[in-house]
Structures are given as structure tokens and as C-alpha cells.
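These notes concern the structure reproduced below.
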Amino acid sequence: MDHFPTNWGRPKYDGFDTSATYPIHNRGNSQATASNGGMQHTQQPIVTGTSVLAVKYKDGIMMAADNLASYGSLARFKGVQRLHPVGDYTVVGASGDMSDFQYLQHILDGLVISEETNPQDGHTLGPAEIHEYLSQVMYGRRTDMDPLWNSLLVGGVKDGKRFLAYVDLLGVTYSASTLATGYGAYIAQPLLRKAVEGKENTLTESEARTILEDALRVLFYRDARSINQYQIATITANGVDISGSLKLETTWSFAEGIRGYGAQTQ
């Protein structure tokens with residue numbers, strides 16, 4: 001039972017209040033209820049990151065994402081790392097709302113710390129366990145009608161096995177040898193499939209890097225929420241390596257031949 005009259009709402013008839021409960025002192029920090037506006041959830045992402053790309057190659061997993069976080073259509077934050085290492089075997093890449101991703105980073109770091117403080121059982125978290133945990137977190141928040149507005153790629157190598165999978169704000173999961181989130185799911189994914197599928201066990205690290213850079217270049221040309229600064233994460237049996245911020249080599253000379261651009265009007 002709620003014993004605080006401030007949470008009971010207004011009397012039905014203000015002119016007649018036999019209990020003298022209105023007006024009454026307003027208790028500070030009262031719990032949000034329907035009478036004072038109700039509990040509010042995030043209705044849409046605000047500061048967002050665009051595509052994350054990932055492929056399998058013969059030695060492990062390679063993942064790439066640019067460093068831009070956009071405030072609506074404004075290219076606001078140009079040094080954001082959207083590839084997050086989790087433990088010794090896993091990287092999580094995120095598109096969508098960056099504040100929700102920061103929350104996920106916090107709970108993942110706490111998960112890793114709790115595992116490190118209990119080493120006696122001999123078990124360590126791998127990419128499959130991290131993906132399963134995130135899928136439950138995302139589905140739970142979706143069930144509470146308060147989703148985390150992210151699409152996530154989880155990649156890693158443990159015990160000689162490569163793992164690459166996807167999970168989104170609805171808790172939907174799937175796995176493939178090439179994955180992309182955001183606009184990249186429409187533009188880059190066909191390019192990745194053509195270059196990688198059927199070659200996962202022969203593709204070298206340098207070839208995988210070239211494929212991802214070419215896809216990022218296409219996205220920079222086509223996606224208004226992307227930037228030409230990016231990072232690449234390489235996950236192998238030797239561990240996780242995330243590069244510093246790199247810059248794509250691009251050219252816009254082809255634009256002169258596009259109708260409606262510059263002096264080309266016919």
C-alpha cells in the first residue's frame with residue numbers, strides 16, 4: 001500500500017474534501033506515476049552511430065566502424081570509438097544510440113570484472129557467451145517496453161573457433177560469415193557477401209582489411225551519417241587488436257559526371 005498521499009492524485013471534487021488532503025505538502029523525489037506525468041522511456045535515439053561491418057577470414061574475425069556520432073543530421077562527435085573489447089577474446093561493435101551503448105559498455109565491463117574476481121572455476125567468457133548475454137539484455141529491455149536503441153555485432157575467437165553474430169534492440173539474433181548494421185546492411189552487405197562468402201577459410205588478413213575498407217569507402221560516398229575516419233578490430237587466437245583512428249583515401253572526381261552536380265545539368 002502507498003502511504004504517501006502525494007501519490008494518490010487529486011480529489012474527485014476540489015470543492016469538497018472531507019479528509020482535508022488537498023492541497024498538501026509535496027513530498028520531494030516522489031515516484032513517477034500516471035498522475036504526475038508517468039514513467040518516461042527513450043522514444044527515439046538522439047546521438048547515433050551508423051554502420052558496423054564484420055567478416056570472417058582464415059585466422060579470425062575483422063570488424064570495422066567509423067568514428068562519427070551524429071546529433072540528428074549534425075556530424076557532432078568525430079572521435080567516438082564504437083568497437084569495444086570485452087575480455088580477451090571478444091569485440092562488440094555498435095550502431096544506434098551512443099548513450100545506450102555506453103550503458104552496455106558499463107554492464108559488460110562489470111561482467112568481465114566479476115568473472116576475473118572468480119577465476120577458481122577455470123571458465124572465461126568467450127564471444128558466444130557475451131552474445132547470449134547481450135541477446136537476453138536486449139530482449140529483456142524490449143519486453144519492458146524500454147529498448148536499448150542499438151544494433152550490435154559480436155565477434156571473437158576462442159578455443160580455435162571463430163564466432164560472429166548479430167543482435168538488435170528487439171533481441172533478434174543471427175549469425176553469418178559477413179554482417180553489417182545500419183545503412184551498411186543495405187549498401188555494404190551485398191559487397192561483403194560477394195567478396196567473402198565461400199572464401200572464409202582462405203581469405204588473408206590483408207585481403208579482409210581491403211574488403212572492409214572498400215565497403216567503408218562506399219558507405220562514406222553514400223551514407224550522409226558516415227565519416228572517412230574509422231577503426232578496425234582484428235580478433236585472432238593471439239587476442240584482440242583495435243587500431244587507432246585511420247583515414248580513408250577517397251576521391252570525388254567521378255562526381256563531375258553526375259547530372260545535377262556542379263556545371264553538369266543535362
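As shown in the C-alpha cells, the chain order sets the letters A, B, ...; within each chain, residues go from 1, and ligands are also counted from 1 in the order they appear.
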For range 70-74 of chain A, please output as an mmCIF file with C-alpha atoms, in the first residue's frame all residues within 7 Å (counting only C-alpha atoms; exclusion window: fewer than 6 positions along the same chain).
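selection-v9.cif written:
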data_model
loop_
_atom_site.group_PDB
_atom_site.id
_atom_site.type_symbol
_atom_site.label_atom_id
_atom_site.label_comp_id
_atom_site.auth_asym_id
_atom_site.auth_seq_id
_atom_site.Cartn_x
_atom_site.Cartn_y
_atom_site.Cartn_z
ATOM 1 C CA ILE A 46 19.413 11.032 -30.194
ATOM 2 C CA VAL A 47 23.191 10.824 -30.705
ATOM 3 C CA THR A 48 23.741 7.940 -33.103
ATOM 4 C CA GLY A 49 26.430 5.966 -34.866
ATOM 5 C CA ARG A 225 25.803 9.928 -41.424
#
Original post:
So which bits of range 75-142 of chain A end up strand (DSSP E) when you DSSP the backbone, as number ranges by chain?
Top reply: A: 75-77, 83-86, 90-97
Please dump the current selection as a compact mmCIF listing (two decimals), in the first residue's frame; keep N, CA, C and O atoms.
# COMPACT_ATOMS: atom_id res chain seq x y z
N ALA A 75 26.97 16.28 -37.85
CA ALA A 75 28.14 15.44 -37.59
C ALA A 75 28.85 16.01 -36.36
O ALA A 75 29.81 16.76 -36.47
N ARG A 76 28.37 15.63 -35.17
CA ARG A 76 28.74 16.33 -33.94
C ARG A 76 30.04 15.81 -33.32
O ARG A 76 30.94 16.58 -33.00
N PHE A 77 30.16 14.51 -33.11
CA PHE A 77 31.31 13.95 -32.40
C PHE A 77 32.10 13.07 -33.37
O PHE A 77 31.59 12.06 -33.85
N LEU A 83 33.86 0.38 -31.33
CA LEU A 83 34.31 -1.00 -31.19
C LEU A 83 34.85 -1.17 -29.77
O LEU A 83 35.81 -0.49 -29.39
N HIS A 84 34.23 -2.05 -29.01
CA HIS A 84 34.56 -2.17 -27.59
C HIS A 84 35.08 -3.57 -27.27
O HIS A 84 34.38 -4.56 -27.51
N PRO A 85 36.31 -3.69 -26.76
CA PRO A 85 36.82 -5.01 -26.38
C PRO A 85 36.16 -5.51 -25.10
O PRO A 85 35.96 -4.73 -24.15
N VAL A 86 35.83 -6.79 -25.08
CA VAL A 86 35.22 -7.40 -23.89
C VAL A 86 36.04 -8.64 -23.55
O VAL A 86 35.98 -9.65 -24.26
N THR A 90 36.91 -11.11 -27.34
CA THR A 90 35.68 -10.60 -27.95
C THR A 90 35.74 -9.11 -28.21
O THR A 90 36.34 -8.36 -27.43
N VAL A 91 35.10 -8.69 -29.30
CA VAL A 91 34.85 -7.27 -29.58
C VAL A 91 33.37 -7.10 -29.88
O VAL A 91 32.77 -7.91 -30.60
N VAL A 92 32.79 -6.03 -29.34
CA VAL A 92 31.39 -5.68 -29.62
C VAL A 92 31.39 -4.36 -30.38
O VAL A 92 31.98 -3.37 -29.92
N GLY A 93 30.74 -4.34 -31.53
CA GLY A 93 30.58 -3.12 -32.32
C GLY A 93 29.13 -2.68 -32.30
O GLY A 93 28.23 -3.53 -32.40
N ALA A 94 28.90 -1.39 -32.18
CA ALA A 94 27.53 -0.90 -32.01
C ALA A 94 27.20 0.23 -32.96
O ALA A 94 28.01 1.14 -33.18
N SER A 95 26.00 0.17 -33.52
CA SER A 95 25.39 1.31 -34.18
C SER A 95 24.13 1.67 -33.39
O SER A 95 23.68 0.89 -32.56
N GLY A 96 23.58 2.84 -33.66
CA GLY A 96 22.41 3.29 -32.90
C GLY A 96 22.79 4.31 -31.85
O GLY A 96 23.78 5.04 -31.99
N ASP A 97 22.00 4.36 -30.79
CA ASP A 97 22.16 5.40 -29.77
C ASP A 97 23.43 5.19 -28.95
O ASP A 97 23.65 4.11 -28.39
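For range 106-110 of chain A, the residues within 10 Å (counting only C-alpha atoms, excluding itself and residues fewer than 4 positions away along the chain) are His84, Pro85, Val86, Gly87, Val92, Asp100, Phe101, Gln102, Ser114, Glu115, Glu116, Ile130, Tyr133, Leu134 and Val137 of chain A.
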For N, CA and C atoms, I'd like the residues from the last selection saved as an mmCIF file, in the first residue's frame.
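Resulting contents of result_7.cif:
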data_model
loop_
_atom_site.group_PDB
_atom_site.id
_atom_site.type_symbol
_atom_site.label_atom_id
_atom_site.label_comp_id
_atom_site.auth_asym_id
_atom_site.auth_seq_id
_atom_site.Cartn_x
_atom_site.Cartn_y
_atom_site.Cartn_z
ATOM 1 N N HIS A 84 34.230 -2.049 -29.009
ATOM 2 C CA HIS A 84 34.563 -2.167 -27.585
ATOM 3 C C HIS A 84 35.083 -3.567 -27.275
ATOM 4 N N PRO A 85 36.314 -3.687 -26.761
ATOM 5 C CA PRO A 85 36.817 -5.010 -26.385
ATOM 6 C C PRO A 85 36.165 -5.505 -25.100
ATOM 7 N N VAL A 86 35.832 -6.789 -25.077
ATOM 8 C CA VAL A 86 35.222 -7.403 -23.893
ATOM 9 C C VAL A 86 36.044 -8.643 -23.553
ATOM 10 N N GLY A 87 36.828 -8.564 -22.500
ATOM 11 C CA GLY A 87 37.681 -9.681 -22.146
ATOM 12 C C GLY A 87 38.825 -9.854 -23.140
ATOM 13 N N VAL A 92 32.789 -6.033 -29.336
ATOM 14 C CA VAL A 92 31.393 -5.679 -29.619
ATOM 15 C C VAL A 92 31.389 -4.357 -30.375
ATOM 16 N N ASP A 100 23.007 4.624 -25.041
ATOM 17 C CA ASP A 100 22.638 3.248 -24.733
ATOM 18 C C ASP A 100 23.857 2.322 -24.872
ATOM 19 N N PHE A 101 24.713 2.603 -25.841
ATOM 20 C CA PHE A 101 25.925 1.803 -25.992
ATOM 21 C C PHE A 101 26.857 2.009 -24.800
ATOM 22 N N GLN A 102 26.941 3.229 -24.286
ATOM 23 C CA GLN A 102 27.752 3.474 -23.095
ATOM 24 C C GLN A 102 27.219 2.679 -21.905
ATOM 25 N N SER A 114 33.538 -9.185 -12.717
ATOM 26 C CA SER A 114 33.011 -10.246 -11.852
ATOM 27 C C SER A 114 33.587 -11.602 -12.224
ATOM 28 N N GLU A 115 33.850 -11.820 -13.518
ATOM 29 C CA GLU A 115 34.467 -13.075 -13.942
ATOM 30 C C GLU A 115 35.925 -13.144 -13.504
ATOM 31 N N GLU A 116 36.629 -12.023 -13.602
ATOM 32 C CA GLU A 116 38.049 -12.013 -13.238
ATOM 33 C C GLU A 116 38.259 -12.197 -11.740
ATOM 34 N N ILE A 130 29.154 -13.902 -24.463
ATOM 35 C CA ILE A 130 28.859 -12.466 -24.489
ATOM 36 C C ILE A 130 27.642 -12.197 -25.375
ATOM 37 N N TYR A 133 24.483 -13.316 -23.596
ATOM 38 C CA TYR A 133 24.155 -12.364 -22.522
ATOM 39 C C TYR A 133 23.511 -11.106 -23.098
ATOM 40 N N LEU A 134 24.099 -10.557 -24.162
ATOM 41 C CA LEU A 134 23.543 -9.343 -24.763
ATOM 42 C C LEU A 134 22.158 -9.590 -25.357
ATOM 43 N N VAL A 137 19.783 -9.378 -22.515
ATOM 44 C CA VAL A 137 19.630 -7.993 -22.064
ATOM 45 C C VAL A 137 18.728 -7.211 -23.027
#
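Summary of the local environment: counting only C-alpha atoms, residues at most 10 Å from Val172 in chain A, other than itself and those fewer than 2 positions away along its chain, are Ser135, Gln136, Met138, Tyr139, Ser151, Tyr166, Val167, Asp168, Leu169, Leu170 and Tyr174 of chain A.
Proximity of A:Ser245, A:Ser175, A:Ser99, A:Asn150 to Ile227 in chain A, computed with only C-alpha atoms, is greatest for A:Ser245.
Nearest to Gly156 in chain A of all the residues A:Ile258, A:Leu192, A:Met63, A:Val218 is A:Met63, counting only C-alpha atoms.
For the pair CA of Ser51 in chain A and CA of Lys199 in chain A, the separation is 23.1 Å.
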List the neighbours of Ile235 in chain A out to 7 Å using only C-alpha atoms; skip same-chain residues closer than 2 positions along the sequence, and give me the result as a CSV table (one decimal) with N, CA, C and O atoms, in the first residue's frame.
chain,number,residue,atom,x,y,z
A,60,GLY,N,40.6,-15.4,-38.2
A,60,GLY,CA,39.8,-14.9,-37.1
A,60,GLY,C,38.7,-14.0,-37.7
A,60,GLY,O,38.0,-14.4,-38.7
A,61,ILE,N,38.4,-13.0,-36.9
A,61,ILE,CA,37.3,-12.0,-37.3
A,61,ILE,C,37.9,-10.6,-37.4
A,61,ILE,O,38.8,-10.2,-36.7
A,62,MET,N,37.4,-9.9,-38.4
A,62,MET,CA,37.8,-8.5,-38.5
A,62,MET,C,36.5,-7.6,-38.6
A,62,MET,O,35.5,-8.0,-39.2
A,89,TYR,N,38.9,-12.2,-25.7
A,89,TYR,CA,38.5,-12.9,-26.9
A,89,TYR,C,37.5,-12.2,-27.8
A,89,TYR,O,37.2,-12.7,-28.9
A,156,GLY,N,34.6,-12.8,-32.2
A,156,GLY,CA,35.7,-13.2,-31.4
A,156,GLY,C,36.2,-14.6,-31.8
A,156,GLY,O,35.6,-15.3,-32.7
A,157,VAL,N,37.3,-15.0,-31.2
A,157,VAL,CA,37.9,-16.3,-31.4
A,157,VAL,C,38.2,-16.9,-30.0
A,157,VAL,O,38.9,-16.2,-29.2
A,233,ALA,N,39.1,-3.6,-35.9
A,233,ALA,CA,39.4,-4.5,-34.9
A,233,ALA,C,39.7,-5.9,-35.5
A,233,ALA,O,39.0,-6.4,-36.3
A,239,GLY,N,44.6,-12.8,-29.6
A,239,GLY,CA,43.9,-11.8,-28.8
A,239,GLY,C,43.3,-10.7,-29.6
A,239,GLY,O,43.0,-11.0,-30.8
A,240,VAL,N,43.0,-9.6,-29.0
A,240,VAL,CA,42.2,-8.5,-29.7
A,240,VAL,C,43.1,-7.4,-29.9
A,240,VAL,O,43.9,-7.0,-29.1
A,241,ASP,N,43.0,-6.8,-31.2
A,241,ASP,CA,43.8,-5.6,-31.5
A,241,ASP,C,42.9,-4.6,-32.2
A,241,ASP,O,42.3,-5.0,-33.2
